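J.: Sharing a structure below in structure tokens format, with a few things to ask.
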Amino acid sequence: MATGLGWLTAGMLTVSAAYGFAAVLLADRLPQLSERVTAGGMPVRLVQSYVVFGLIGVAFVALGLSTLGVLPDPFARRPRARLVVLGALIGGFLIGRPYPLFDKLIEYAAQTGNPLYGAGVFILQSAGNLLVVAVLGGVLALVGRGGGRAWRPERVARAAGLALIALGTFLVVYWDLRVPSLFGYGWFPVMPWN
């Protein structure tokens, strides 16, 4: 598990560092820090979010389908490459994150004017997220040790494939259908309590 987590971390931290470096260089030209709106009234930072999260969602669905054997597996001979790509996709969540607290983090990093500092800030932010997931994974592994048959490799692969498809589908539906519909682009069902 530690080796797999290391490869996943390598992919995630590479994207995080690159984006932190670029965020400082681009500063207020970065869509996430832009207060501009597009001609249609949608904030530029949300356009960035739905493009980035939509692409990540499609990639997760494709990886899930290849894990289930529906699509050819591009990583069949390079299982470590799958972990690096998954880590890079997780690191990509920083690129689309439109939340105010995260915007403050980007603004702070950009104000320093130091791209290496920006890379370090984003690495720490991603490492903190990964630490929570690693602890949860460790707890689940300890709790599930006595399962034996429940954790057969084919069941784990099926569960992983279905989880990737579910996550990817959620990202596409939420960010590429629901969010644009709030600004009059397309349609998404609205519940009476909304």
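We label chains A, B, ... in the order they appear in the structure tokens, count residues from 1 in each chain, and number ligands from 1 in the order shown.
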Which neighbours of A:Leu46 fall inside 9 Å, counting only C-alpha atoms, when residues of the same chain fewer than 2 positions from it are skipped, and could you give them as a list in words?
T.: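 Listed by chain and then number, they are Pro31, Gln32, Met42, Pro43, Val44, Gln48, Ser49, Tyr50, Val51, Gly96, Arg97, Pro98, Trp175, Val179 and Pro180 of chain A.
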J.: Once you have the residues from the selection above, write them out as a PDB file, in the first residue's frame, restricted to N, CA, C and O atoms.
T.:
```pdb
ATOM      1  N   PRO A  31      -7.950  32.528 -14.168  1.00  0.00           N
ATOM      2  CA  PRO A  31      -9.416  32.570 -14.119  1.00  0.00           C
ATOM      3  C   PRO A  31      -9.988  32.407 -12.709  1.00  0.00           C
ATOM      4  O   PRO A  31     -11.007  33.003 -12.392  1.00  0.00           O
ATOM      5  N   GLN A  32      -9.343  31.632 -11.867  1.00  0.00           N
ATOM      6  CA  GLN A  32      -9.861  31.430 -10.513  1.00  0.00           C
ATOM      7  C   GLN A  32      -9.849  32.715  -9.695  1.00  0.00           C
ATOM      8  O   GLN A  32     -10.595  32.840  -8.740  1.00  0.00           O
ATOM      9  N   MET A  42     -21.878  34.254 -16.843  1.00  0.00           N
ATOM     10  CA  MET A  42     -21.293  33.212 -15.997  1.00  0.00           C
ATOM     11  C   MET A  42     -19.883  33.618 -15.589  1.00  0.00           C
ATOM     12  O   MET A  42     -19.082  34.002 -16.434  1.00  0.00           O
ATOM     13  N   PRO A  43     -19.568  33.567 -14.288  1.00  0.00           N
ATOM     14  CA  PRO A  43     -18.217  33.925 -13.846  1.00  0.00           C
ATOM     15  C   PRO A  43     -17.146  33.058 -14.525  1.00  0.00           C
ATOM     16  O   PRO A  43     -17.333  31.859 -14.702  1.00  0.00           O
ATOM     17  N   VAL A  44     -16.049  33.702 -14.894  1.00  0.00           N
ATOM     18  CA  VAL A  44     -14.964  33.010 -15.587  1.00  0.00           C
ATOM     19  C   VAL A  44     -14.427  31.860 -14.736  1.00  0.00           C
ATOM     20  O   VAL A  44     -14.104  30.800 -15.254  1.00  0.00           O
ATOM     21  N   GLN A  48     -13.913  27.870 -15.801  1.00  0.00           N
ATOM     22  CA  GLN A  48     -12.716  27.061 -15.574  1.00  0.00           C
ATOM     23  C   GLN A  48     -13.084  25.802 -14.799  1.00  0.00           C
ATOM     24  O   GLN A  48     -12.633  24.713 -15.141  1.00  0.00           O
ATOM     25  N   SER A  49     -13.933  25.925 -13.794  1.00  0.00           N
ATOM     26  CA  SER A  49     -14.314  24.783 -12.977  1.00  0.00           C
ATOM     27  C   SER A  49     -15.054  23.732 -13.782  1.00  0.00           C
ATOM     28  O   SER A  49     -14.764  22.548 -13.674  1.00  0.00           O
ATOM     29  N   TYR A  50     -16.027  24.163 -14.596  1.00  0.00           N
ATOM     30  CA  TYR A  50     -16.779  23.119 -15.274  1.00  0.00           C
ATOM     31  C   TYR A  50     -15.975  22.481 -16.399  1.00  0.00           C
ATOM     32  O   TYR A  50     -16.173  21.306 -16.695  1.00  0.00           O
ATOM     33  N   VAL A  51     -15.031  23.200 -16.977  1.00  0.00           N
ATOM     34  CA  VAL A  51     -14.167  22.569 -17.981  1.00  0.00           C
ATOM     35  C   VAL A  51     -13.237  21.557 -17.299  1.00  0.00           C
ATOM     36  O   VAL A  51     -13.143  20.391 -17.700  1.00  0.00           O
ATOM     37  N   GLY A  96      -9.598  23.423 -10.631  1.00  0.00           N
ATOM     38  CA  GLY A  96     -10.971  23.836 -10.827  1.00  0.00           C
ATOM     39  C   GLY A  96     -11.696  24.310  -9.593  1.00  0.00           C
ATOM     40  O   GLY A  96     -12.833  24.756  -9.675  1.00  0.00           O
ATOM     41  N   ARG A  97     -11.078  24.241  -8.463  1.00  0.00           N
ATOM     42  CA  ARG A  97     -11.760  24.525  -7.193  1.00  0.00           C
ATOM     43  C   ARG A  97     -12.154  25.998  -7.081  1.00  0.00           C
ATOM     44  O   ARG A  97     -11.304  26.855  -6.965  1.00  0.00           O
ATOM     45  N   PRO A  98     -13.476  26.327  -7.074  1.00  0.00           N
ATOM     46  CA  PRO A  98     -13.899  27.734  -7.068  1.00  0.00           C
ATOM     47  C   PRO A  98     -14.349  28.263  -5.711  1.00  0.00           C
ATOM     48  O   PRO A  98     -15.120  29.202  -5.643  1.00  0.00           O
ATOM     49  N   TRP A 175     -21.018  19.465 -12.547  1.00  0.00           N
ATOM     50  CA  TRP A 175     -20.302  20.627 -13.063  1.00  0.00           C
ATOM     51  C   TRP A 175     -20.644  20.978 -14.500  1.00  0.00           C
ATOM     52  O   TRP A 175     -20.569  22.145 -14.887  1.00  0.00           O
ATOM     53  N   VAL A 179     -24.354  23.200 -12.924  1.00  0.00           N
ATOM     54  CA  VAL A 179     -23.805  24.548 -12.747  1.00  0.00           C
ATOM     55  C   VAL A 179     -24.134  25.450 -13.943  1.00  0.00           C
ATOM     56  O   VAL A 179     -24.627  26.559 -13.742  1.00  0.00           O
ATOM     57  N   PRO A 180     -23.904  25.030 -15.196  1.00  0.00           N
ATOM     58  CA  PRO A 180     -24.281  25.923 -16.306  1.00  0.00           C
ATOM     59  C   PRO A 180     -25.780  26.222 -16.358  1.00  0.00           C
ATOM     60  O   PRO A 180     -26.183  27.314 -16.758  1.00  0.00           O
TER      61      PRO A 180
END
```
J.: Counting only C-alpha atoms, figure out which residue out of A:Val190, A:Val70, A:Ala141, A:Leu63 gets nearest to A:Gly168.
T.: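 Checking each candidate against A:Gly168, we get A:Leu63 as the closest.
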J.: Apply DSSP to the structure's backbone, then extract all residues of stretch 35-190 of chain A labelled alpha helix (DSSP H) and return them as a VMD selection string.
T.: chain A and resid 44 to 67 79 to 91 93 to 96 100 to 112 115 to 143 153 to 171 179 to 181
J.: Fewer than 5 positions away in the same chain doesn't count, so skip those; otherwise give me all residues within 6 Å of stretch 151-161 of chain A, counting only C-alpha atoms, as a list in words.
T.: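 My reading of the contact set: Gly64, Thr67 and Leu68 of chain A.
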J.: Would you pick out the contacts of A:Gly120 at 12 Å or less, using only C-alpha atoms, so that residues sharing its chain but fewer than 4 positions from it are not included, and give the list as JSON, numbers by chain?
T.: {"A": [13, 14, 15, 16, 17, 18, 19, 20, 21, 22, 23, 24, 105, 106, 109, 114, 115, 116, 124, 125, 126, 127]}
J.: Can you work out which one of A:Ala62, A:Leu89, A:Leu33, A:Ala134 has the shortest atom-to-atom distance to A:Gly4, counting only C-alpha atoms?
T.: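 Looking at the shortest contact to A:Gly4, the residue is A:Ala134.
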